[in-house]
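Working notes, structure below.
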Amino acid sequence: MHIVNPAPPTALATATPDILLNPNHKYVSILITVTVPGENMKKLRFRLLSVSSDEPWNGTGDGDKGVDWSFNSGVNPIFTESHTPQYSFTEAVRSPSHGWGLPGRNELCTLLRAERSGRGDGRVYTIRAEVMRPDGTVIPASVQVLVPKK
Ligand SMILES: [Ca+2]
Ligand SMILES: [Ca+2]
């Protein structure tokens with residue numbers, strides 16, 4: 001008898017837009033869509049887990065503003081809480097029970113500041129998301145949004 005463990009499900013996240021060409025220091029609403037191939041999407045719950053940047057919130061040059069992201073607002077304001085960084089200077093992470101949407105709502109939203117250091121090589125925001133299956137298991141996903149240097 002031959003037993004094959006099924007491959008663990010993989011969640012895919014996309015960001016729209018995923019590149020911020022005009023670094024005008026304003027917030028841009030980013031739509032994060034998470035899908036899990038092979039799963040019944042209507043039974044899954046979704047949330048944004050964290051947002052991080054490869055640049056500090058402040059001290060990166062002229063016009064630098066903080067805070068550089070928010071879980072609030074946008075076209076699909078699932079989230080009602082904003083968090084300050086808990087684990088590192090450049091990553092805001094939700095506590096375990098926060099941010100879960102209603103089942104099937106796989107369109108999430110965050111605000112990201114269109115900003116990057118003039119001295120750097122462009123900013124990379126990393127948005128981490130999670131999917132919870134009906135049995136409570138959680139599948140991670142992540143996507144990046146770039147603020148390129150011209
Ligand atoms: Ca900033
Ligand atoms: Ca960089």
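Following the order of the structure tokens, first chain is A, next is B, and so on, with residues numbered from 1 inside each chain and ligands from 1 in the order they appear.
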
Give me the residues near region 54-57 of chain A as a ChimeraX atom specification, where near means some atom within 6 Å (using only C-alpha atoms) and where sequence neighbours in that chain fewer than 3 positions away do not count.
/A:66,90,124

12 Å shell around ligand 2 using only C-alpha atoms and all ligand atoms, listed as number ranges by chain:
A: 52-56, 60, 115-126, 144-149

Could you please take those selected residues and save C-alpha atoms as a CSV table (one decimal), in the first residue's frame?
```
chain,number,residue,atom,x,y,z
A,52,SER,CA,6.6,45.7,6.8
A,53,SER,CA,9.0,47.9,5.0
A,54,ASP,CA,12.7,47.6,4.2
A,55,GLU,CA,13.1,51.2,5.1
A,56,PRO,CA,12.6,53.0,8.5
A,60,THR,CA,14.9,58.6,5.2
A,115,GLU,CA,7.4,57.1,-0.2
A,116,ARG,CA,10.9,55.9,-0.4
A,117,SER,CA,14.3,57.1,0.7
A,118,GLY,CA,16.2,59.3,-1.8
A,119,ARG,CA,19.4,57.6,-0.6
A,120,GLY,CA,18.1,54.1,-0.9
A,121,ASP,CA,17.5,51.6,-3.7
A,122,GLY,CA,13.8,51.8,-3.6
A,123,ARG,CA,11.3,50.7,-1.0
A,124,VAL,CA,9.8,47.3,-0.7
A,125,TYR,CA,6.7,46.8,1.4
A,126,THR,CA,5.8,43.2,2.3
A,144,GLN,CA,5.2,42.8,-2.1
A,145,VAL,CA,4.5,46.4,-3.2
A,146,LEU,CA,7.4,48.4,-4.6
A,147,VAL,CA,8.2,52.1,-4.5
A,148,PRO,CA,11.0,52.1,-7.0
A,149,LYS,CA,13.8,54.6,-7.4
```

Looking at A:Ile139, A:Pro8, A:Lys43, A:Thr33, which one is nearest to Gly104 (chain A), with distances taken over only C-alpha atoms?
A:Lys43

Pick from A:Val93, A:Ala7, A:Leu20, A:Ala129: nearest to Pro37 (chain A), with only C-alpha atoms counted?
A:Ala7

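Look at Ile30 (chain A): the protein and nucleic acid residues within 6 Å of it, using only C-alpha atoms and passing over chain neighbours fewer than 5 places away, are Thr16, Cys109, Thr110 and Leu111 of chain A.
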
Keeping only C-alpha atoms, write the selected residues to a file as a PDB file, in the first residue's frame.
```pdb
ATOM      1  CA  THR A  16      -3.334  46.064  -6.836  1.00  0.00           C
ATOM      2  CA  CYS A 109      -7.242  46.379   1.951  1.00  0.00           C
ATOM      3  CA  THR A 110      -4.386  48.325   3.411  1.00  0.00           C
ATOM      4  CA  LEU A 111      -3.028  51.803   2.977  1.00  0.00           C
TER       5      LEU A 111
END
```

Two-atom distance - CA of His25 (chain A), CA of Val143 (chain A) (Å)
21.0 Å

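Among the candidates A:Pro103, A:Pro134, A:Pro96, A:Gly63, the one nearest to ligand 1 when counting only C-alpha atoms and all ligand atoms is A:Gly63.
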
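Counting only C-alpha atoms and all ligand atoms and comparing A:Arg113, A:Ser95, A:Leu49, A:Pro9, the residue that lies closest to ligand 1 is A:Arg113.
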
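Reported to one decimal place, the separation of CA of Asp68 (chain A) from CA of Gly101 (chain A) is 23.0 Å.
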
Separation of CA of Glu91 (chain A) from CA of Met132 (chain A) in Å:
21.7 Å

Selection near Val131 (chain A), 12 Å with only C-alpha atoms, sequence-local residues under 2 positions removed, as a ChimeraX atom specification
/A:9-13,33-36,39-49,99-108,128-129,133-142

Those residues with N, CA and C atoms, as a compact mmCIF listing (two decimals), in the first residue's frame please?
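File produced: selection.txt:
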```txt
# COMPACT_ATOMS: atom_id res chain seq x y z
N PRO A 9 -1.88 22.98 1.22
CA PRO A 9 -2.43 24.01 0.34
C PRO A 9 -1.58 25.27 0.36
N THR A 10 -1.57 25.92 -0.75
CA THR A 10 -0.80 27.15 -0.88
C THR A 10 -1.75 28.30 -1.16
N ALA A 11 -1.53 29.39 -0.45
CA ALA A 11 -2.34 30.59 -0.69
C ALA A 11 -1.55 31.57 -1.54
N LEU A 12 -2.26 32.19 -2.46
CA LEU A 12 -1.63 33.16 -3.36
C LEU A 12 -2.22 34.54 -3.09
N ALA A 13 -1.33 35.51 -2.97
CA ALA A 13 -1.79 36.88 -2.73
C ALA A 13 -1.32 37.78 -3.87
N THR A 33 -5.73 40.60 -2.78
CA THR A 33 -6.66 39.50 -3.05
C THR A 33 -5.94 38.18 -2.79
N VAL A 34 -6.55 37.35 -1.97
CA VAL A 34 -5.93 36.09 -1.59
C VAL A 34 -6.80 34.94 -2.10
N THR A 35 -6.17 34.00 -2.75
CA THR A 35 -6.89 32.83 -3.24
C THR A 35 -6.16 31.57 -2.82
N VAL A 36 -6.90 30.49 -2.71
CA VAL A 36 -6.32 29.19 -2.36
C VAL A 36 -6.83 28.17 -3.37
N GLU A 39 -9.44 24.94 -2.86
CA GLU A 39 -10.24 25.03 -1.63
C GLU A 39 -11.55 25.75 -1.94
N ASN A 40 -12.57 25.45 -1.14
CA ASN A 40 -13.84 26.16 -1.25
C ASN A 40 -13.69 27.53 -0.60
N MET A 41 -13.57 28.54 -1.43
CA MET A 41 -13.25 29.88 -0.91
C MET A 41 -14.31 30.39 0.06
N LYS A 42 -15.55 29.97 -0.13
CA LYS A 42 -16.63 30.49 0.72
C LYS A 42 -16.49 30.04 2.16
N LYS A 43 -15.68 29.01 2.39
CA LYS A 43 -15.54 28.50 3.76
C LYS A 43 -14.26 29.00 4.43
N LEU A 44 -13.50 29.79 3.72
CA LEU A 44 -12.22 30.27 4.26
C LEU A 44 -12.38 31.67 4.82
N ARG A 45 -11.57 31.97 5.82
CA ARG A 45 -11.53 33.33 6.36
C ARG A 45 -10.14 33.90 6.11
N PHE A 46 -10.09 35.19 5.93
CA PHE A 46 -8.86 35.85 5.48
C PHE A 46 -8.55 37.04 6.39
N ARG A 47 -7.28 37.34 6.48
CA ARG A 47 -6.90 38.59 7.14
C ARG A 47 -5.52 39.02 6.70
N LEU A 48 -5.25 40.29 6.85
CA LEU A 48 -3.88 40.76 6.74
C LEU A 48 -3.22 40.57 8.09
N LEU A 49 -2.05 39.96 8.08
CA LEU A 49 -1.34 39.71 9.33
C LEU A 49 -0.39 40.85 9.66
N GLY A 99 -8.64 40.97 13.04
CA GLY A 99 -8.61 41.22 11.61
C GLY A 99 -9.26 40.17 10.74
N TRP A 100 -9.76 39.09 11.34
CA TRP A 100 -10.37 38.05 10.51
C TRP A 100 -11.68 38.56 9.92
N GLY A 101 -11.83 38.40 8.62
CA GLY A 101 -13.04 38.83 7.95
C GLY A 101 -14.09 37.73 7.97
N LEU A 102 -15.23 38.05 7.39
CA LEU A 102 -16.29 37.05 7.25
C LEU A 102 -15.85 35.99 6.24
N PRO A 103 -16.37 34.77 6.37
CA PRO A 103 -15.97 33.73 5.42
C PRO A 103 -16.20 34.16 3.97
N GLY A 104 -15.23 33.87 3.15
CA GLY A 104 -15.34 34.16 1.73
C GLY A 104 -14.87 35.54 1.32
N ARG A 105 -14.64 36.40 2.28
CA ARG A 105 -14.21 37.76 1.91
C ARG A 105 -12.70 37.77 1.74
N ASN A 106 -12.29 37.53 0.51
CA ASN A 106 -10.86 37.37 0.26
C ASN A 106 -10.21 38.63 -0.31
N GLU A 107 -10.98 39.73 -0.35
CA GLU A 107 -10.40 40.99 -0.80
C GLU A 107 -10.13 41.85 0.43
N LEU A 108 -8.86 42.10 0.67
CA LEU A 108 -8.42 42.83 1.86
C LEU A 108 -7.83 44.15 1.41
N ARG A 128 1.89 40.55 4.64
CA ARG A 128 1.64 39.14 4.92
C ARG A 128 0.16 38.95 5.22
N ALA A 129 -0.39 37.92 4.66
CA ALA A 129 -1.80 37.59 4.87
C ALA A 129 -1.90 36.16 5.40
N ARG A 133 -8.67 27.86 7.49
CA ARG A 133 -9.59 26.85 6.97
C ARG A 133 -10.62 26.51 8.06
N PRO A 134 -11.68 25.82 7.67
CA PRO A 134 -12.72 25.48 8.66
C PRO A 134 -12.18 24.68 9.84
N ASP A 135 -11.13 23.91 9.64
CA ASP A 135 -10.58 23.13 10.76
C ASP A 135 -9.61 23.94 11.62
N GLY A 136 -9.46 25.22 11.32
CA GLY A 136 -8.63 26.08 12.15
C GLY A 136 -7.19 26.20 11.69
N THR A 137 -6.79 25.36 10.73
CA THR A 137 -5.42 25.49 10.24
C THR A 137 -5.28 26.78 9.44
N VAL A 138 -4.08 27.32 9.49
CA VAL A 138 -3.82 28.62 8.88
C VAL A 138 -2.78 28.47 7.78
N ILE A 139 -3.06 29.09 6.65
CA ILE A 139 -2.15 29.06 5.51
C ILE A 139 -1.60 30.48 5.31
N PRO A 140 -0.29 30.64 5.25
CA PRO A 140 0.27 31.98 5.05
C PRO A 140 0.39 32.34 3.57
N ALA A 141 0.40 33.64 3.32
CA ALA A 141 0.67 34.15 1.98
C ALA A 141 1.34 35.50 2.14
N SER A 142 2.05 35.93 1.13
CA SER A 142 2.62 37.28 1.20
C SER A 142 2.76 37.85 -0.20
```

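For the choices A:Ala114, A:Ile127, A:Asn5, A:Lys65, the atom-to-atom distance to Asn22 (chain A) is smallest for A:Ala114 when using only C-alpha atoms.
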
Pick from A:Lys26, A:Val67, A:Gly38, A:Ile19, whichever lies nearest to ligand 1 using only C-alpha atoms and all ligand atoms:
A:Val67

DSSP on the backbone, then: every residue of region 24-143 of chain A marked strand (DSSP E), written as a PyMOL selection string.
chain A and resi 27-35+45-53+69-70+91-93+107-113+123-132+138-143

Residues as selected, N, CA and C atoms, written as a compact mmCIF listing (two decimals), in the first residue's frame, can you do that?
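The result, written out as part23.txt:
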```txt
# COMPACT_ATOMS: atom_id res chain seq x y z
N TYR A 27 -0.91 58.40 1.14
CA TYR A 27 -1.38 57.03 1.25
C TYR A 27 -2.02 56.58 -0.06
N VAL A 28 -1.77 55.34 -0.41
CA VAL A 28 -2.43 54.72 -1.55
C VAL A 28 -3.17 53.49 -1.04
N SER A 29 -4.41 53.34 -1.46
CA SER A 29 -5.20 52.18 -1.07
C SER A 29 -4.78 50.98 -1.91
N ILE A 30 -4.39 49.92 -1.24
CA ILE A 30 -3.90 48.72 -1.92
C ILE A 30 -4.90 47.60 -1.67
N LEU A 31 -5.35 47.00 -2.76
CA LEU A 31 -6.26 45.86 -2.66
C LEU A 31 -5.43 44.58 -2.68
N ILE A 32 -5.59 43.79 -1.64
CA ILE A 32 -4.90 42.51 -1.55
C ILE A 32 -5.94 41.41 -1.75
N THR A 33 -5.73 40.60 -2.78
CA THR A 33 -6.66 39.50 -3.05
C THR A 33 -5.94 38.18 -2.79
N VAL A 34 -6.55 37.35 -1.97
CA VAL A 34 -5.93 36.09 -1.59
C VAL A 34 -6.80 34.94 -2.10
N THR A 35 -6.17 34.00 -2.75
CA THR A 35 -6.89 32.83 -3.24
C THR A 35 -6.16 31.57 -2.82
N ARG A 45 -11.57 31.97 5.82
CA ARG A 45 -11.53 33.33 6.36
C ARG A 45 -10.14 33.90 6.11
N PHE A 46 -10.09 35.19 5.93
CA PHE A 46 -8.86 35.85 5.48
C PHE A 46 -8.55 37.04 6.39
N ARG A 47 -7.28 37.34 6.48
CA ARG A 47 -6.90 38.59 7.14
C ARG A 47 -5.52 39.02 6.70
N LEU A 48 -5.25 40.29 6.85
CA LEU A 48 -3.88 40.76 6.74
C LEU A 48 -3.22 40.57 8.09
N LEU A 49 -2.05 39.96 8.08
CA LEU A 49 -1.34 39.71 9.33
C LEU A 49 -0.39 40.85 9.66
N SER A 50 0.35 41.32 8.66
CA SER A 50 1.34 42.35 8.97
C SER A 50 1.70 43.12 7.71
N VAL A 51 2.25 44.29 7.95
CA VAL A 51 2.85 45.07 6.88
C VAL A 51 4.25 45.45 7.35
N SER A 52 5.22 45.33 6.47
CA SER A 52 6.57 45.74 6.83
C SER A 52 7.20 46.48 5.67
N SER A 53 8.28 47.17 5.99
CA SER A 53 9.02 47.94 4.99
C SER A 53 10.49 47.65 5.16
N TRP A 69 1.87 53.00 6.92
CA TRP A 69 0.79 52.12 6.46
C TRP A 69 -0.32 52.12 7.50
N SER A 70 -1.45 51.62 7.07
CA SER A 70 -2.58 51.49 7.99
C SER A 70 -3.40 50.30 7.56
N GLU A 91 7.88 46.68 11.11
CA GLU A 91 6.79 45.74 10.82
C GLU A 91 5.70 45.90 11.86
N ALA A 92 4.47 46.02 11.39
CA ALA A 92 3.31 46.03 12.27
C ALA A 92 2.60 44.69 12.13
N VAL A 93 2.41 44.02 13.25
CA VAL A 93 1.84 42.68 13.23
C VAL A 93 0.57 42.65 14.07
N GLU A 107 -10.98 39.73 -0.35
CA GLU A 107 -10.40 40.99 -0.80
C GLU A 107 -10.13 41.85 0.43
N LEU A 108 -8.86 42.10 0.67
CA LEU A 108 -8.42 42.83 1.86
C LEU A 108 -7.83 44.15 1.41
N CYS A 109 -7.73 45.06 2.34
CA CYS A 109 -7.24 46.38 1.95
C CYS A 109 -6.29 46.92 2.99
N THR A 110 -5.26 47.58 2.52
CA THR A 110 -4.39 48.32 3.41
C THR A 110 -4.00 49.63 2.71
N LEU A 111 -3.58 50.57 3.53
CA LEU A 111 -3.03 51.80 2.98
C LEU A 111 -1.52 51.76 3.11
N LEU A 112 -0.84 52.11 2.03
CA LEU A 112 0.62 52.21 2.06
C LEU A 112 1.03 53.60 1.62
N ARG A 113 2.05 54.12 2.27
CA ARG A 113 2.51 55.44 1.88
C ARG A 113 3.44 55.34 0.67
N ARG A 123 11.94 51.31 -2.14
CA ARG A 123 11.33 50.70 -0.96
C ARG A 123 10.53 49.47 -1.35
N VAL A 124 10.60 48.48 -0.48
CA VAL A 124 9.80 47.26 -0.67
C VAL A 124 8.92 47.09 0.56
N TYR A 125 7.61 47.17 0.34
CA TYR A 125 6.67 46.80 1.38
C TYR A 125 6.33 45.33 1.22
N THR A 126 6.28 44.63 2.34
CA THR A 126 5.84 43.24 2.32
C THR A 126 4.57 43.12 3.15
N ILE A 127 3.52 42.64 2.51
CA ILE A 127 2.25 42.43 3.19
C ILE A 127 2.07 40.94 3.39
N ARG A 128 1.89 40.55 4.64
CA ARG A 128 1.64 39.14 4.92
C ARG A 128 0.16 38.95 5.22
N ALA A 129 -0.39 37.92 4.66
CA ALA A 129 -1.80 37.59 4.87
C ALA A 129 -1.90 36.16 5.40
N GLU A 130 -3.08 35.85 5.93
CA GLU A 130 -3.32 34.49 6.40
C GLU A 130 -4.71 34.06 5.99
N VAL A 131 -4.84 32.75 5.77
CA VAL A 131 -6.13 32.14 5.45
C VAL A 131 -6.40 31.09 6.52
N MET A 132 -7.60 31.12 7.09
CA MET A 132 -7.98 30.10 8.06
C MET A 132 -9.01 29.16 7.45
N VAL A 138 -4.08 27.32 9.49
CA VAL A 138 -3.82 28.62 8.88
C VAL A 138 -2.78 28.47 7.78
N ILE A 139 -3.06 29.09 6.65
CA ILE A 139 -2.15 29.06 5.51
C ILE A 139 -1.60 30.48 5.31
N PRO A 140 -0.29 30.64 5.25
CA PRO A 140 0.27 31.98 5.05
C PRO A 140 0.39 32.34 3.57
N ALA A 141 0.40 33.64 3.32
CA ALA A 141 0.67 34.15 1.98
C ALA A 141 1.34 35.50 2.14
N SER A 142 2.05 35.93 1.13
CA SER A 142 2.62 37.28 1.20
C SER A 142 2.76 37.85 -0.20
N VAL A 143 2.81 39.17 -0.24
CA VAL A 143 2.95 39.86 -1.51
C VAL A 143 3.73 41.14 -1.25
```
